[in-house]
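Source file: model.pdb; contents: PDB, C-alpha atoms.
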```pdb
ATOM      1  CA  MET A   1      -7.359  37.836  11.397  1.00  0.00           C
ATOM      2  CA  ILE A   2      -3.659  38.584  11.083  1.00  0.00           C
ATOM      3  CA  LYS A   3      -2.443  39.137   7.545  1.00  0.00           C
ATOM      4  CA  PRO A   4       0.441  36.987   6.248  1.00  0.00           C
ATOM      5  CA  ASN A   5       2.567  40.095   5.600  1.00  0.00           C
ATOM      6  CA  TYR A   6       2.817  40.594   9.385  1.00  0.00           C
ATOM      7  CA  PHE A   7       4.808  37.354   9.454  1.00  0.00           C
ATOM      8  CA  ILE A   8       6.505  37.338   6.059  1.00  0.00           C
ATOM      9  CA  ILE A   9       8.068  40.820   6.199  1.00  0.00           C
ATOM     10  CA  PRO A  10       9.595  40.368   9.680  1.00  0.00           C
ATOM     11  CA  ILE A  11      10.835  36.891   8.684  1.00  0.00           C
ATOM     12  CA  VAL A  12      12.550  38.288   5.570  1.00  0.00           C
ATOM     13  CA  VAL A  13      14.154  41.038   7.674  1.00  0.00           C
ATOM     14  CA  PHE A  14      15.190  38.530  10.345  1.00  0.00           C
ATOM     15  CA  LEU A  15      16.711  36.197   7.736  1.00  0.00           C
ATOM     16  CA  THR A  16      18.562  39.117   6.149  1.00  0.00           C
ATOM     17  CA  SER A  17      19.945  40.133   9.523  1.00  0.00           C
ATOM     18  CA  THR A  18      20.813  36.582  10.523  1.00  0.00           C
ATOM     19  CA  LEU A  19      22.531  35.665   7.265  1.00  0.00           C
ATOM     20  CA  GLY A  20      24.435  38.956   7.178  1.00  0.00           C
ATOM     21  CA  GLY A  21      25.459  38.465  10.797  1.00  0.00           C
ATOM     22  CA  PHE A  22      26.600  34.904  10.130  1.00  0.00           C
ATOM     23  CA  ILE A  23      28.739  35.995   7.180  1.00  0.00           C
ATOM     24  CA  THR A  24      30.152  38.878   9.213  1.00  0.00           C
ATOM     25  CA  SER A  25      31.033  36.630  12.143  1.00  0.00           C
ATOM     26  CA  LYS A  26      32.992  34.314   9.832  1.00  0.00           C
ATOM     27  CA  GLY A  27      35.236  37.223   8.838  1.00  0.00           C
ATOM     28  CA  MET A  28      35.875  38.723  12.263  1.00  0.00           C
ATOM     29  CA  ASP A  29      39.385  37.276  12.641  1.00  0.00           C
ATOM     30  CA  TRP A  30      40.392  38.968   9.385  1.00  0.00           C
ATOM     31  CA  TYR A  31      38.586  42.190  10.358  1.00  0.00           C
ATOM     32  CA  LYS A  32      40.317  42.373  13.749  1.00  0.00           C
ATOM     33  CA  GLY A  33      43.667  42.305  11.936  1.00  0.00           C
ATOM     34  CA  LEU A  34      42.846  45.400   9.865  1.00  0.00           C
ATOM     35  CA  ASN A  35      43.945  48.929  10.592  1.00  0.00           C
ATOM     36  CA  LEU A  36      40.627  50.663  11.284  1.00  0.00           C
ATOM     37  CA  PRO A  37      39.777  54.368  11.363  1.00  0.00           C
ATOM     38  CA  GLU A  38      39.870  55.866  14.842  1.00  0.00           C
ATOM     39  CA  ILE A  39      36.170  56.718  14.660  1.00  0.00           C
ATOM     40  CA  THR A  40      35.163  53.086  14.083  1.00  0.00           C
ATOM     41  CA  PRO A  41      32.499  52.293  16.690  1.00  0.00           C
ATOM     42  CA  PRO A  42      32.898  49.225  18.890  1.00  0.00           C
ATOM     43  CA  GLY A  43      31.247  46.057  17.613  1.00  0.00           C
ATOM     44  CA  TYR A  44      28.376  46.243  20.094  1.00  0.00           C
ATOM     45  CA  VAL A  45      27.462  49.746  18.834  1.00  0.00           C
ATOM     46  CA  ILE A  46      27.461  48.493  15.245  1.00  0.00           C
ATOM     47  CA  SER A  47      25.244  45.559  16.274  1.00  0.00           C
ATOM     48  CA  ILE A  48      22.793  47.855  18.060  1.00  0.00           C
ATOM     49  CA  ALA A  49      22.704  50.243  15.097  1.00  0.00           C
ATOM     50  CA  TRP A  50      21.948  47.437  12.639  1.00  0.00           C
ATOM     51  CA  THR A  51      19.311  45.956  14.926  1.00  0.00           C
ATOM     52  CA  ILE A  52      17.532  49.316  15.093  1.00  0.00           C
ATOM     53  CA  ILE A  53      17.882  49.776  11.327  1.00  0.00           C
ATOM     54  CA  PHE A  54      16.411  46.339  10.616  1.00  0.00           C
ATOM     55  CA  ILE A  55      13.482  46.952  12.968  1.00  0.00           C
ATOM     56  CA  LEU A  56      12.763  50.364  11.418  1.00  0.00           C
ATOM     57  CA  THR A  57      13.028  48.904   7.916  1.00  0.00           C
ATOM     58  CA  ALA A  58      10.577  46.126   8.771  1.00  0.00           C
ATOM     59  CA  ILE A  59       8.117  48.664  10.187  1.00  0.00           C
ATOM     60  CA  SER A  60       8.560  50.896   7.133  1.00  0.00           C
ATOM     61  CA  CYS A  61       7.899  47.996   4.784  1.00  0.00           C
ATOM     62  CA  LEU A  62       4.852  46.892   6.781  1.00  0.00           C
ATOM     63  CA  ILE A  63       3.381  50.389   6.759  1.00  0.00           C
ATOM     64  CA  TYR A  64       3.969  50.721   3.037  1.00  0.00           C
ATOM     65  CA  TYR A  65       2.623  47.242   2.297  1.00  0.00           C
ATOM     66  CA  ASN A  66      -0.567  47.932   4.223  1.00  0.00           C
ATOM     67  CA  LYS A  67      -1.235  51.444   2.875  1.00  0.00           C
ATOM     68  CA  ALA A  68      -0.115  51.331  -0.761  1.00  0.00           C
ATOM     69  CA  PHE A  69      -2.357  50.736  -3.737  1.00  0.00           C
ATOM     70  CA  ARG A  70      -1.695  47.423  -5.448  1.00  0.00           C
ATOM     71  CA  ASN A  71      -0.258  48.572  -8.746  1.00  0.00           C
ATOM     72  CA  ALA A  72       3.008  48.445 -10.697  1.00  0.00           C
ATOM     73  CA  ARG A  73       4.622  50.945  -8.315  1.00  0.00           C
ATOM     74  CA  PHE A  74       3.713  48.744  -5.350  1.00  0.00           C
ATOM     75  CA  VAL A  75       5.345  45.717  -6.979  1.00  0.00           C
ATOM     76  CA  PHE A  76       8.431  47.781  -7.787  1.00  0.00           C
ATOM     77  CA  VAL A  77       8.771  49.134  -4.232  1.00  0.00           C
ATOM     78  CA  ILE A  78       8.340  45.721  -2.606  1.00  0.00           C
ATOM     79  CA  THR A  79      10.854  44.284  -5.078  1.00  0.00           C
ATOM     80  CA  LEU A  80      13.223  47.120  -4.210  1.00  0.00           C
ATOM     81  CA  PHE A  81      12.921  46.292  -0.503  1.00  0.00           C
ATOM     82  CA  LEU A  82      13.912  42.702  -1.401  1.00  0.00           C
ATOM     83  CA  ILE A  83      16.796  43.850  -3.615  1.00  0.00           C
ATOM     84  CA  ASN A  84      17.965  46.056  -0.759  1.00  0.00           C
ATOM     85  CA  ALA A  85      17.945  43.054   1.579  1.00  0.00           C
ATOM     86  CA  GLY A  86      20.003  41.076  -0.932  1.00  0.00           C
ATOM     87  CA  LEU A  87      22.482  43.937  -1.301  1.00  0.00           C
ATOM     88  CA  ASN A  88      22.804  44.119   2.459  1.00  0.00           C
ATOM     89  CA  ILE A  89      23.814  40.449   2.584  1.00  0.00           C
ATOM     90  CA  LEU A  90      26.069  40.831  -0.456  1.00  0.00           C
ATOM     91  CA  TRP A  91      28.007  43.620   1.261  1.00  0.00           C
ATOM     92  CA  SER A  92      28.825  41.363   4.205  1.00  0.00           C
ATOM     93  CA  TYR A  93      29.914  38.633   1.794  1.00  0.00           C
ATOM     94  CA  LEU A  94      32.147  40.939  -0.275  1.00  0.00           C
ATOM     95  CA  PHE A  95      33.727  42.613   2.736  1.00  0.00           C
ATOM     96  CA  PHE A  96      33.957  39.930   5.425  1.00  0.00           C
ATOM     97  CA  ASN A  97      34.132  36.751   3.341  1.00  0.00           C
ATOM     98  CA  LEU A  98      35.943  37.712   0.151  1.00  0.00           C
ATOM     99  CA  HIS A  99      37.863  40.634   1.726  1.00  0.00           C
ATOM    100  CA  LEU A 100      37.132  42.747  -1.354  1.00  0.00           C
ATOM    101  CA  VAL A 101      36.977  46.096   0.403  1.00  0.00           C
ATOM    102  CA  GLY A 102      36.962  48.141  -2.816  1.00  0.00           C
ATOM    103  CA  ALA A 103      34.153  46.084  -4.341  1.00  0.00           C
ATOM    104  CA  ALA A 104      32.260  46.296  -1.052  1.00  0.00           C
ATOM    105  CA  ILE A 105      32.510  50.095  -1.166  1.00  0.00           C
ATOM    106  CA  LEU A 106      31.116  50.188  -4.714  1.00  0.00           C
ATOM    107  CA  GLU A 107      28.342  47.841  -3.626  1.00  0.00           C
ATOM    108  CA  MET A 108      27.584  50.128  -0.663  1.00  0.00           C
ATOM    109  CA  ILE A 109      27.028  53.015  -3.060  1.00  0.00           C
ATOM    110  CA  ILE A 110      24.413  50.903  -4.839  1.00  0.00           C
ATOM    111  CA  LEU A 111      22.938  49.904  -1.467  1.00  0.00           C
ATOM    112  CA  GLU A 112      22.686  53.580  -0.515  1.00  0.00           C
ATOM    113  CA  ALA A 113      20.998  54.342  -3.832  1.00  0.00           C
ATOM    114  CA  THR A 114      18.332  51.717  -3.085  1.00  0.00           C
ATOM    115  CA  VAL A 115      17.716  53.175   0.379  1.00  0.00           C
ATOM    116  CA  LEU A 116      17.374  56.696  -1.036  1.00  0.00           C
ATOM    117  CA  LEU A 117      15.087  55.436  -3.793  1.00  0.00           C
ATOM    118  CA  LEU A 118      12.935  53.642  -1.211  1.00  0.00           C
ATOM    119  CA  ILE A 119      12.707  56.833   0.855  1.00  0.00           C
ATOM    120  CA  TYR A 120      11.573  58.720  -2.256  1.00  0.00           C
ATOM    121  CA  LEU A 121       9.112  56.092  -3.506  1.00  0.00           C
ATOM    122  CA  VAL A 122       7.546  55.303  -0.121  1.00  0.00           C
ATOM    123  CA  ARG A 123       6.999  58.956   0.842  1.00  0.00           C
ATOM    124  CA  PRO A 124       3.817  59.588  -1.203  1.00  0.00           C
ATOM    125  CA  THR A 125       2.174  56.634   0.522  1.00  0.00           C
ATOM    126  CA  SER A 126       3.493  57.266   4.032  1.00  0.00           C
ATOM    127  CA  LYS A 127       5.756  60.022   5.292  1.00  0.00           C
ATOM    128  CA  LEU A 128       6.345  57.975   8.445  1.00  0.00           C
ATOM    129  CA  ALA A 129       7.395  54.866   6.511  1.00  0.00           C
ATOM    130  CA  SER A 130       9.749  57.040   4.497  1.00  0.00           C
ATOM    131  CA  ALA A 131      11.210  58.747   7.576  1.00  0.00           C
ATOM    132  CA  LEU A 132      11.842  55.390   9.252  1.00  0.00           C
ATOM    133  CA  LEU A 133      14.439  54.740   6.544  1.00  0.00           C
ATOM    134  CA  TYR A 134      16.467  57.909   7.271  1.00  0.00           C
ATOM    135  CA  PRO A 135      18.683  56.249   9.907  1.00  0.00           C
ATOM    136  CA  TYR A 136      19.437  53.465   7.416  1.00  0.00           C
ATOM    137  CA  ALA A 137      20.513  55.977   4.788  1.00  0.00           C
ATOM    138  CA  ALA A 138      22.666  57.872   7.290  1.00  0.00           C
ATOM    139  CA  TRP A 139      24.294  54.700   8.613  1.00  0.00           C
ATOM    140  CA  VAL A 140      25.171  53.416   5.139  1.00  0.00           C
ATOM    141  CA  VAL A 141      26.866  56.741   4.340  1.00  0.00           C
ATOM    142  CA  PHE A 142      28.846  56.461   7.585  1.00  0.00           C
ATOM    143  CA  ALA A 143      29.684  52.795   6.957  1.00  0.00           C
ATOM    144  CA  THR A 144      30.822  53.617   3.421  1.00  0.00           C
ATOM    145  CA  TYR A 145      33.129  56.300   4.798  1.00  0.00           C
ATOM    146  CA  LEU A 146      34.529  53.826   7.346  1.00  0.00           C
ATOM    147  CA  ALA A 147      35.069  51.195   4.661  1.00  0.00           C
ATOM    148  CA  TYR A 148      36.822  53.725   2.438  1.00  0.00           C
ATOM    149  CA  GLN A 149      39.078  54.821   5.285  1.00  0.00           C
ATOM    150  CA  THR A 150      39.772  51.157   6.071  1.00  0.00           C
ATOM    151  CA  LEU A 151      40.761  50.608   2.448  1.00  0.00           C
ATOM    152  CA  LEU A 152      43.162  53.562   2.606  1.00  0.00           C
ATOM    153  CA  LEU A 153      44.664  52.412   5.905  1.00  0.00           C
ATOM    154  CA  ASN A 154      45.306  48.905   4.616  1.00  0.00           C
ATOM    155  CA  THR A 155      46.726  49.477   1.145  1.00  0.00           C
TER     156      THR A 155
END
```
Could you rewrite the structure in this file as C-alpha coordinates?
Amino acid sequence: MIKPNYFIIPIVVFLTSTLGGFITSKGMDWYKGLNLPEITPPGYVISIAWTIIFILTAISCLIYYNKAFRNARFVFVITLFLINAGLNILWSYLFFNLHLVGAAILEMIILEATVLLLIYLVRPTSKLASALLYPYAAWVVFATYLAYQTLLLNT
(Lines of atoms letter the chains of each structure in order from A and count residues from 1; the text may use other names and numbers.)
(Lines give C-alpha, C1' and ligand atoms only; values in the text may rest on other atoms or scores of the structure.)
Protein backbone atom coordinates (compact mmCIF):
# COMPACT_ATOMS: atom_id res chain seq x y z
CA MET A 1 0.00 0.00 0.00
CA ILE A 2 1.37 3.39 -0.98
CA LYS A 3 1.43 5.95 1.81
CA PRO A 4 -0.34 9.29 1.26
CA ASN A 5 2.93 11.20 1.81
CA TYR A 6 4.21 9.76 -1.50
CA PHE A 7 1.49 11.82 -3.18
CA ILE A 8 1.12 14.80 -0.86
CA ILE A 9 4.80 15.82 -0.69
CA PRO A 10 5.35 15.75 -4.47
CA ILE A 11 2.05 17.61 -4.99
CA VAL A 12 3.10 20.36 -2.55
CA VAL A 13 6.47 20.65 -4.32
CA PHE A 14 4.79 20.67 -7.73
CA LEU A 15 2.32 23.37 -6.64
CA THR A 16 5.17 25.44 -5.20
CA SER A 17 7.08 25.15 -8.45
CA THR A 18 4.03 25.83 -10.60
CA LEU A 19 2.83 28.85 -8.64
CA GLY A 20 6.34 30.30 -8.45
CA GLY A 21 6.79 29.72 -12.18
CA PHE A 22 3.45 31.36 -12.96
CA ILE A 23 4.33 34.44 -10.91
CA THR A 24 7.77 34.58 -12.51
CA SER A 25 6.36 34.33 -16.03
CA LYS A 26 4.05 37.29 -15.36
CA GLY A 27 7.08 39.47 -14.60
CA MET A 28 9.33 38.44 -17.49
CA ASP A 29 8.69 41.57 -19.57
CA TRP A 30 9.86 43.71 -16.65
CA TYR A 31 12.80 41.38 -15.96
CA LYS A 32 13.98 41.47 -19.59
CA GLY A 33 14.20 45.27 -19.32
CA LEU A 34 16.61 45.13 -16.36
CA ASN A 35 20.35 45.48 -16.52
CA LEU A 36 21.52 42.04 -15.37
CA PRO A 37 24.93 40.91 -14.14
CA GLU A 38 27.08 39.37 -16.86
CA ILE A 39 27.15 36.04 -15.03
CA THR A 40 23.36 35.71 -15.07
CA PRO A 41 22.60 32.27 -16.53
CA PRO A 42 20.17 31.98 -19.43
CA GLY A 43 16.55 31.33 -18.48
CA TYR A 44 16.67 27.67 -19.49
CA VAL A 45 19.61 27.06 -17.11
CA ILE A 46 17.69 28.71 -14.27
CA SER A 47 14.65 26.54 -15.07
CA ILE A 48 16.74 23.36 -15.09
CA ALA A 49 18.43 24.33 -11.82
CA TRP A 50 15.10 24.96 -10.09
CA THR A 51 13.63 21.74 -11.45
CA ILE A 52 16.55 19.76 -10.03
CA ILE A 53 16.31 21.64 -6.72
CA PHE A 54 12.58 20.94 -6.42
CA ILE A 55 13.08 17.24 -7.18
CA LEU A 56 15.91 16.95 -4.64
CA THR A 57 13.86 18.81 -2.04
CA ALA A 58 10.89 16.50 -2.56
CA ILE A 59 13.14 13.45 -2.18
CA SER A 60 14.76 14.95 0.92
CA CYS A 61 11.38 15.62 2.50
CA LEU A 62 10.13 12.13 1.64
CA ILE A 63 13.21 10.49 3.15
CA TYR A 64 12.90 12.58 6.29
CA TYR A 65 9.15 12.00 6.57
CA ASN A 66 9.58 8.25 6.30
CA LYS A 67 12.56 7.90 8.66
CA ALA A 68 11.95 10.47 11.40
CA PHE A 69 10.35 9.78 14.75
CA ARG A 70 6.96 11.41 15.14
CA ASN A 71 7.68 14.00 17.78
CA ALA A 72 7.80 17.79 18.19
CA ARG A 73 10.98 17.99 16.11
CA PHE A 74 9.28 16.11 13.28
CA VAL A 75 6.36 18.55 13.28
CA PHE A 76 8.78 21.48 13.32
CA VAL A 77 10.85 20.15 10.41
CA ILE A 78 7.81 19.38 8.25
CA THR A 79 6.42 22.83 9.07
CA LEU A 80 9.78 24.33 8.12
CA PHE A 81 9.66 22.55 4.75
CA LEU A 82 6.22 24.15 4.22
CA ILE A 83 7.44 27.59 5.34
CA ASN A 84 10.35 27.22 2.94
CA ALA A 85 7.92 26.48 0.10
CA GLY A 86 5.92 29.58 0.99
CA LEU A 87 9.07 31.71 1.09
CA ASN A 88 10.06 30.38 -2.30
CA ILE A 89 6.75 31.57 -3.77
CA LEU A 90 6.94 34.86 -1.87
CA TRP A 91 10.34 35.61 -3.42
CA SER A 92 8.91 35.30 -6.92
CA TYR A 93 6.02 37.56 -5.94
CA LEU A 94 8.25 40.24 -4.39
CA PHE A 95 10.76 40.22 -7.23
CA PHE A 96 8.76 39.53 -10.39
CA ASN A 97 5.33 40.87 -9.44
CA LEU A 98 5.96 43.77 -7.09
CA HIS A 99 9.45 44.56 -8.47
CA LEU A 100 10.73 45.02 -4.92
CA VAL A 101 14.27 43.82 -5.53
CA GLY A 102 15.59 45.00 -2.15
CA ALA A 103 12.77 43.31 -0.24
CA ALA A 104 13.27 40.18 -2.35
CA ILE A 105 16.94 40.11 -1.35
CA LEU A 106 16.06 40.36 2.35
CA GLU A 107 13.49 37.62 1.86
CA MET A 108 16.13 35.46 0.14
CA ILE A 109 18.32 35.72 3.23
CA ILE A 110 15.44 34.32 5.27
CA LEU A 111 14.86 31.64 2.61
CA GLU A 112 18.54 30.67 2.83
CA ALA A 113 18.29 30.50 6.62
CA THR A 114 15.40 28.02 6.32
CA VAL A 115 17.37 25.86 3.89
CA LEU A 116 20.41 25.83 6.19
CA LEU A 117 18.21 25.07 9.19
CA LEU A 118 16.58 22.19 7.28
CA ILE A 119 20.02 20.81 6.38
CA TYR A 120 21.00 20.95 10.06
CA LEU A 121 17.75 19.51 11.45
CA VAL A 122 17.36 16.73 8.87
CA ARG A 123 20.96 15.49 9.19
CA PRO A 124 20.55 13.44 12.40
CA THR A 125 17.74 11.50 10.76
CA SER A 126 19.30 11.13 7.31
CA LYS A 127 22.63 12.37 6.03
CA LEU A 128 21.40 11.74 2.48
CA ALA A 129 18.23 13.80 2.96
CA SER A 130 20.37 16.58 4.38
CA ALA A 131 22.90 16.42 1.54
CA LEU A 132 20.13 16.58 -1.06
CA LEU A 133 19.47 20.13 0.14
CA TYR A 134 23.05 21.36 -0.47
CA PRO A 135 22.40 22.38 -4.10
CA TYR A 136 19.38 24.38 -2.92
CA ALA A 137 21.48 26.24 -0.37
CA ALA A 138 24.21 26.93 -2.93
CA TRP A 139 21.73 28.12 -5.56
CA VAL A 140 19.98 30.51 -3.17
CA VAL A 141 23.34 32.07 -2.27
CA PHE A 142 24.10 32.49 -5.98
CA ALA A 143 20.61 33.85 -6.71
CA THR A 144 20.92 36.31 -3.82
CA TYR A 145 24.21 37.55 -5.24
CA LEU A 146 22.61 37.95 -8.68
CA ALA A 147 19.65 39.82 -7.21
CA TYR A 148 21.98 42.12 -5.28
CA GLN A 149 24.03 42.83 -8.39
CA THR A 150 20.80 43.46 -10.31
CA LEU A 151 19.74 45.94 -7.65
CA LEU A 152 23.07 47.76 -7.96
CA LEU A 153 22.91 47.81 -11.75
CA ASN A 154 19.41 49.26 -11.78
CA THR A 155 19.54 51.97 -9.13
- Task: Quick one: apply the PyMOL selection byres ((chain A and resi 151) around 10) to the file and drop the selected residues here as a ChimeraX atom specification.
- Result: /A:34-37,100-102,105,145-150,152-155
Could you take the residues named above and write them with C-alpha atoms, as a CSV table (one decimal), in the frame of the given file?
```csv
chain,number,residue,atom,x,y,z
A,34,LEU,CA,42.8,45.4,9.9
A,35,ASN,CA,43.9,48.9,10.6
A,36,LEU,CA,40.6,50.7,11.3
A,37,PRO,CA,39.8,54.4,11.4
A,100,LEU,CA,37.1,42.7,-1.4
A,101,VAL,CA,37.0,46.1,0.4
A,102,GLY,CA,37.0,48.1,-2.8
A,105,ILE,CA,32.5,50.1,-1.2
A,145,TYR,CA,33.1,56.3,4.8
A,146,LEU,CA,34.5,53.8,7.3
A,147,ALA,CA,35.1,51.2,4.7
A,148,TYR,CA,36.8,53.7,2.4
A,149,GLN,CA,39.1,54.8,5.3
A,150,THR,CA,39.8,51.2,6.1
A,152,LEU,CA,43.2,53.6,2.6
A,153,LEU,CA,44.7,52.4,5.9
A,154,ASN,CA,45.3,48.9,4.6
A,155,THR,CA,46.7,49.5,1.1
```
Find the smallest box with edges along x, y and z containing every listed atom of region 47-55 of chain A, then add 8 Å on each side and report centre and edge lengths in Å to one decimal, as lines of an AutoDock Vina configuration file.
```
center_x = 19.4
center_y = 47.9
center_z = 14.3
size_x = 27.8
size_y = 20.7
size_z = 23.4
```
- Nearest to Ala143 (chain A) by atom-to-atom distance, counting all atoms listed in the file, from A:Met28, A:Leu111, A:Ala129, A:Ile83: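 Of A:Met28, A:Leu111, A:Ala129, A:Ile83, the one nearest Ala143 (chain A) is A:Leu111, counting all atoms listed in the file.
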- Would you kindly translate the PyMOL selection byres ((chain A and resi 130) around 9) into the concrete residues it picks from this file, as a PyMOL selection string? chain A and resi 60+64+118-129+131-134
- Thr18 (chain A): which residues within 12 Å, counting all atoms listed in the file, same-chain residues fewer than 3 positions away excluded, as a PyMOL selection string? chain A and resi 10-15+21-25+47+50-51+54+85+88-89+92
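Distances from A:Met1, A:Val141, A:Leu98, A:Leu82 to Glu112 (chain A) were compared using all atoms listed in the file, and the smallest one belongs to A:Val141.
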- Residues selected by the PyMOL selection byres ((chain A and resi 65) around 12), written as a ChimeraX atom specification: /A:3-6,8-9,57-64,66-71,73-79,81,122,125-126,129
- Distance of CA of Gly86 (chain A) from CA of Gly20 (chain A), expressed in Å to one decimal place: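 Rounded to one decimal, the two atoms are 9.5 Å apart.
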- Query: Of the candidates A:Ile53, A:Ala72, A:Leu116, A:Ala104, which one gets nearest to Thr16 (chain A) if we count only C-alpha atoms?
  - Reply: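 For Thr16 (chain A), the nearest of the candidates is A:Ile53.
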- Note on the structure: One decimal place gives the CA of His99 (chain A)-CA of Trp30 (chain A) separation as 8.2 Å
- Task: Using only C-alpha atoms, find the one residue out of A:Ile39, A:Leu56, A:Ile46, A:Met108 that sits nearest to Val140 (chain A).
- Result: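 Closest to Val140 (chain A) of all the choices is A:Met108.
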- Computed interatomic separation between CA of Gly27 (chain A) and CA of Pro41 (chain A) (Å):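 If I compute the distance from CA of Gly27 (chain A) to CA of Pro41 (chain A), I get 17.2 Å.
For Ala103 (chain A), the non-local neighbours within 9 Å, defined as residues at least 5 positions apart in the same chain or in other chains and counting all atoms listed in the file, are Trp91, Leu94, Phe95 and Met108 of chain A.
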